[in-house]
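Peer 1: Contents of upload27.tsv (TSV, C-alpha atoms) are given next:
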```
chain	number	residue	atom	x	y	z
X	1	MET	CA	105.65	145.80	212.18
X	2	SER	CA	104.71	143.96	209.00
X	3	SER	CA	103.52	140.42	209.38
X	4	ASN	CA	102.37	137.65	207.07
X	5	VAL	CA	100.82	134.30	207.87
X	6	PHE	CA	100.91	131.59	205.22
X	7	TYR	CA	98.44	128.73	205.22
X	8	ARG	CA	99.28	125.49	203.43
X	9	HIS	CA	97.93	121.95	203.64
X	10	PRO	CA	99.90	118.90	202.45
X	11	LYS	CA	96.80	117.39	200.83
X	12	LEU	CA	96.15	120.64	198.90
X	13	PRO	CA	99.48	121.41	197.24
X	14	GLY	CA	97.78	123.61	194.63
X	15	LEU	CA	96.57	126.15	197.21
X	16	GLU	CA	98.33	128.63	199.45
X	17	LEU	CA	96.72	131.48	201.39
X	18	ARG	CA	98.57	134.55	202.60
X	19	TYR	CA	97.18	136.80	205.31
X	20	GLY	CA	99.02	140.11	205.47
X	21	HIS	CA	98.35	142.34	208.46
X	22	ASP	CA	99.93	145.42	210.00
X	23	ASN	CA	101.55	145.38	206.62
X	24	ARG	CA	103.51	148.30	205.26
X	25	ALA	CA	105.76	146.24	203.02
X	26	CYS	CA	105.95	147.40	199.40
X	27	TYR	CA	106.01	145.05	196.46
X	28	GLY	CA	107.17	146.36	193.11
X	29	LEU	CA	105.63	145.24	189.85
X	30	HIS	CA	105.93	141.43	189.80
X	31	THR	CA	104.31	138.24	188.53
X	32	HIS	CA	103.34	134.84	189.93
X	33	SER	CA	103.20	131.55	188.07
X	34	GLU	CA	99.86	130.86	189.82
X	35	TYR	CA	96.43	132.41	189.66
X	36	SER	CA	95.99	134.94	192.47
X	37	LEU	CA	92.74	135.87	194.18
X	38	GLY	CA	93.01	138.67	196.70
X	39	ALA	CA	90.82	140.76	198.98
X	40	VAL	CA	91.47	143.97	200.91
X	41	LEU	CA	90.28	143.57	204.51
X	42	GLU	CA	91.34	146.96	205.86
X	43	GLY	CA	92.96	150.10	204.55
X	44	VAL	CA	93.38	151.57	201.11
X	45	SER	CA	95.63	150.04	198.47
X	46	ASP	CA	97.27	151.28	195.30
X	47	TYR	CA	96.77	148.46	192.82
X	48	CYS	CA	98.43	148.25	189.41
X	49	TYR	CA	97.59	145.60	186.81
X	50	CYS	CA	99.09	145.71	183.33
X	51	LYS	CA	99.76	149.47	183.51
X	52	GLN	CA	96.24	150.26	184.80
X	53	HIS	CA	96.16	151.94	188.23
X	54	TYR	CA	93.34	151.69	190.77
X	55	THR	CA	92.67	152.70	194.35
X	56	ILE	CA	91.00	149.81	196.15
X	57	ARG	CA	89.75	149.43	199.71
X	58	ARG	CA	87.95	147.08	202.07
X	59	GLY	CA	85.48	144.94	200.18
X	60	HIS	CA	87.37	144.93	196.89
X	61	SER	CA	88.80	141.74	195.46
X	62	VAL	CA	91.05	141.07	192.48
X	63	LEU	CA	91.64	138.03	190.29
X	64	ILE	CA	95.01	137.93	188.57
X	65	ALA	CA	96.00	135.51	185.83
X	66	PRO	CA	99.38	133.75	185.97
X	67	ASN	CA	102.40	135.71	184.75
X	68	MET	CA	100.53	139.03	184.57
X	69	PRO	CA	102.47	142.01	185.98
X	70	HIS	CA	100.83	143.59	189.01
X	71	ALA	CA	101.55	145.38	192.29
X	72	CYS	CA	99.42	146.14	195.33
X	73	ASN	CA	100.63	148.30	198.21
X	74	LEU	CA	99.39	150.40	201.10
X	75	SER	CA	98.19	153.72	199.74
X	76	GLU	CA	99.45	156.99	201.15
X	77	VAL	CA	95.80	158.03	201.50
X	78	SER	CA	94.94	155.08	203.75
X	79	ASP	CA	92.85	156.36	206.65
X	80	ASN	CA	94.71	154.74	209.51
X	81	GLY	CA	97.95	153.64	207.89
X	82	MET	CA	96.91	150.01	208.34
X	83	TRP	CA	96.57	147.46	205.60
X	84	ARG	CA	95.22	143.94	205.90
X	85	TYR	CA	94.63	141.63	202.97
X	86	LEU	CA	94.21	138.03	201.88
X	87	MET	CA	95.86	136.57	198.80
X	88	LEU	CA	95.11	133.05	197.61
X	89	TYR	CA	97.56	131.46	195.19
X	90	ILE	CA	96.11	128.68	193.01
X	91	SER	CA	98.37	126.53	190.86
X	92	VAL	CA	97.54	126.35	187.17
X	93	ASP	CA	97.10	122.56	187.38
X	94	TYR	CA	94.69	122.81	190.30
X	95	TRP	CA	92.75	125.64	188.61
X	96	GLN	CA	92.37	123.58	185.45
X	97	GLN	CA	90.93	120.68	187.45
X	98	LEU	CA	87.99	122.96	188.25
X	99	ALA	CA	87.54	124.96	185.06
X	100	ASP	CA	87.53	124.95	181.32
X	101	SER	CA	89.98	127.50	179.93
X	102	GLY	CA	87.16	129.87	178.98
X	103	MET	CA	85.03	129.53	182.11
X	104	VAL	CA	86.19	132.64	183.97
X	105	ALA	CA	87.00	135.96	182.33
X	106	ILE	CA	90.06	137.45	183.99
X	107	ASP	CA	90.80	141.08	183.29
X	108	GLY	CA	92.54	141.99	186.55
X	109	ASN	CA	90.07	144.76	187.32
X	110	PRO	CA	88.96	145.13	190.94
X	111	SER	CA	85.54	143.84	191.95
X	112	GLY	CA	83.29	145.16	194.68
X	113	ASP	CA	81.17	141.98	194.74
X	114	MET	CA	80.47	141.38	198.44
X	115	LYS	CA	79.50	137.71	197.98
X	116	LEU	CA	82.94	136.96	196.61
X	117	PHE	CA	84.64	139.12	199.24
X	118	ASN	CA	82.79	137.30	202.03
X	119	ALA	CA	83.60	133.90	200.51
X	120	ILE	CA	87.32	134.77	200.48
X	121	LYS	CA	87.08	135.85	204.14
X	122	GLN	CA	85.26	132.60	204.96
X	123	LEU	CA	88.05	130.59	203.31
X	124	HIS	CA	90.53	132.34	205.61
X	125	ASN	CA	88.34	131.65	208.65
X	126	VAL	CA	88.06	127.95	207.80
X	127	TRP	CA	91.79	127.59	207.15
X	128	ARG	CA	92.65	129.45	210.36
X	129	ASP	CA	90.12	127.58	212.53
X	130	GLU	CA	90.36	124.12	210.93
X	131	PRO	CA	93.93	123.94	209.55
X	132	ASN	CA	93.97	120.13	209.42
X	133	ASP	CA	90.63	119.70	207.65
X	134	ALA	CA	91.56	119.53	203.96
X	135	LEU	CA	87.97	118.82	202.93
X	136	ALA	CA	86.61	121.92	204.71
X	137	ILE	CA	89.39	124.08	203.24
X	138	GLU	CA	88.84	122.76	199.73
X	139	SER	CA	85.08	123.19	200.07
X	140	ALA	CA	85.54	126.84	201.10
X	141	TRP	CA	87.85	127.36	198.10
X	142	VAL	CA	85.32	125.79	195.72
X	143	ASP	CA	82.69	128.16	197.15
X	144	CYS	CA	84.95	131.06	196.11
X	145	PHE	CA	85.65	129.55	192.71
X	146	GLN	CA	81.95	129.00	191.98
X	147	LEU	CA	81.33	132.70	192.52
X	148	LEU	CA	83.91	133.69	189.92
X	149	PRO	CA	81.81	132.95	186.80
X	150	GLN	CA	78.92	134.86	188.39
X	151	THR	CA	81.20	137.79	189.11
X	152	ALA	CA	83.24	137.72	185.91
X	153	ASN	CA	81.15	140.58	184.53
X	154	ALA	CA	81.33	142.33	187.90
X	155	PHE	CA	85.12	142.32	187.83
X	156	SER	CA	85.07	145.98	187.01
X	157	TYR	CA	86.10	148.93	189.09
X	158	GLY	CA	83.42	150.67	191.08
```
Transcribe the structure of this file into structure tokens.
Peer 2:
Amino acid sequence: MSSNVFYRHPKLPGLELRYGHDNRACYGLHTHSEYSLGAVLEGVSDYCYCKQHYTIRRGHSVLIAPNMPHACNLSEVSDNGMWRYLMLYISVDYWQQLADSGMVAIDGNPSGDMKLFNAIKQLHNVWRDEPNDALAIESAWVDCFQLLPQTANAFSYG
């Protein structure tokens, strides 16, 4: 059975975190009006970004610019047929509060940077364990964001 948990905080309207687990749902090519930062926790995914196709697995993360066509689904070659992932949606306004327009290069390519992957997992842990603590949630998000400029060059497949 597919399941999704959405995390939101009223004091952080520019952030939403989705935790997909036991997930076999398929999403066709689509866009979001927000920035999207995702991480594969388990399984193998077929990821498409602007007509480029990748196979990504645990430890990979992706950064997707607003309104860019993409799709990410459980791959037929997934070892155990399971797929777990995190996807953080960041509003354009909230993103711009933290960055200059040229601060982070976004090409949609998967990254295998484990520091970023672990920071995304930590954000989920904080939001799950401290859902009422807006400061802790925002701090965990800023930790992720601060890794993006360092990983902008690492946002390449491999």
Peer 1: Taking all atoms listed in the file into account, produce a table as CSV in which each residue of segment 11-70 of chain X with an atom at most 9 Å from an atom of segment 129-146 of chain X appears once, together with its shortest atom pair and the distance in Å to one decimal, ordered by chain and rising number.
Peer 2:
```
residue,atom,partner,partner_atom,distance
X:Lys11,CA,X:Ala134,CA,6.5
X:Leu12,CA,X:Ala134,CA,6.9
X:Leu15,CA,X:Glu138,CA,8.8
```
Peer 1: For a test of reading the model, state the distance in Å between atom CA of Val92 of chain X and atom CA of His21 of chain X, rounded to one decimal.
Peer 2: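 Separating atom CA of Val92 of chain X from atom CA of His21 of chain X is a distance of 26.6 Å.
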Peer 1: How far is it from atom CA of Leu98 of chain X to atom CA of Asn125 of chain X, in Å with one decimal?
Peer 2: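 So the two atoms, atom CA of Leu98 of chain X and atom CA of Asn125 of chain X, lie 22.2 Å apart.
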Peer 1: For a test of reading the model, state the distance in Å between atom CA of Ala65 of chain X and atom CA of Asn4 of chain X, rounded to one decimal.
Peer 2: 22.3 Å
Peer 1: Find the residue from X:Met68, X:Val44, X:His124, X:Arg84 that sits nearest to Phe6 of chain X; use only C-alpha atoms when measuring.
Peer 2: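 So, comparing all the options, the nearest one is X:His124.
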Peer 1: Would you mind telling me which residue in X:Tyr35, X:Phe117, X:Tyr85, X:Tyr54 lies nearest to Arg18 of chain X when using only C-alpha atoms?
Peer 2: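 Looking only at the distances to Arg18 of chain X, the closest residue turns out to be X:Tyr85.
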Peer 1: From the set X:Asn109, X:Ser45, X:Ser36, X:Asn118, which residue has the shortest atom-to-atom contact distance to Asn73 of chain X, counting all atoms listed in the file?
Peer 2: X:Ser45
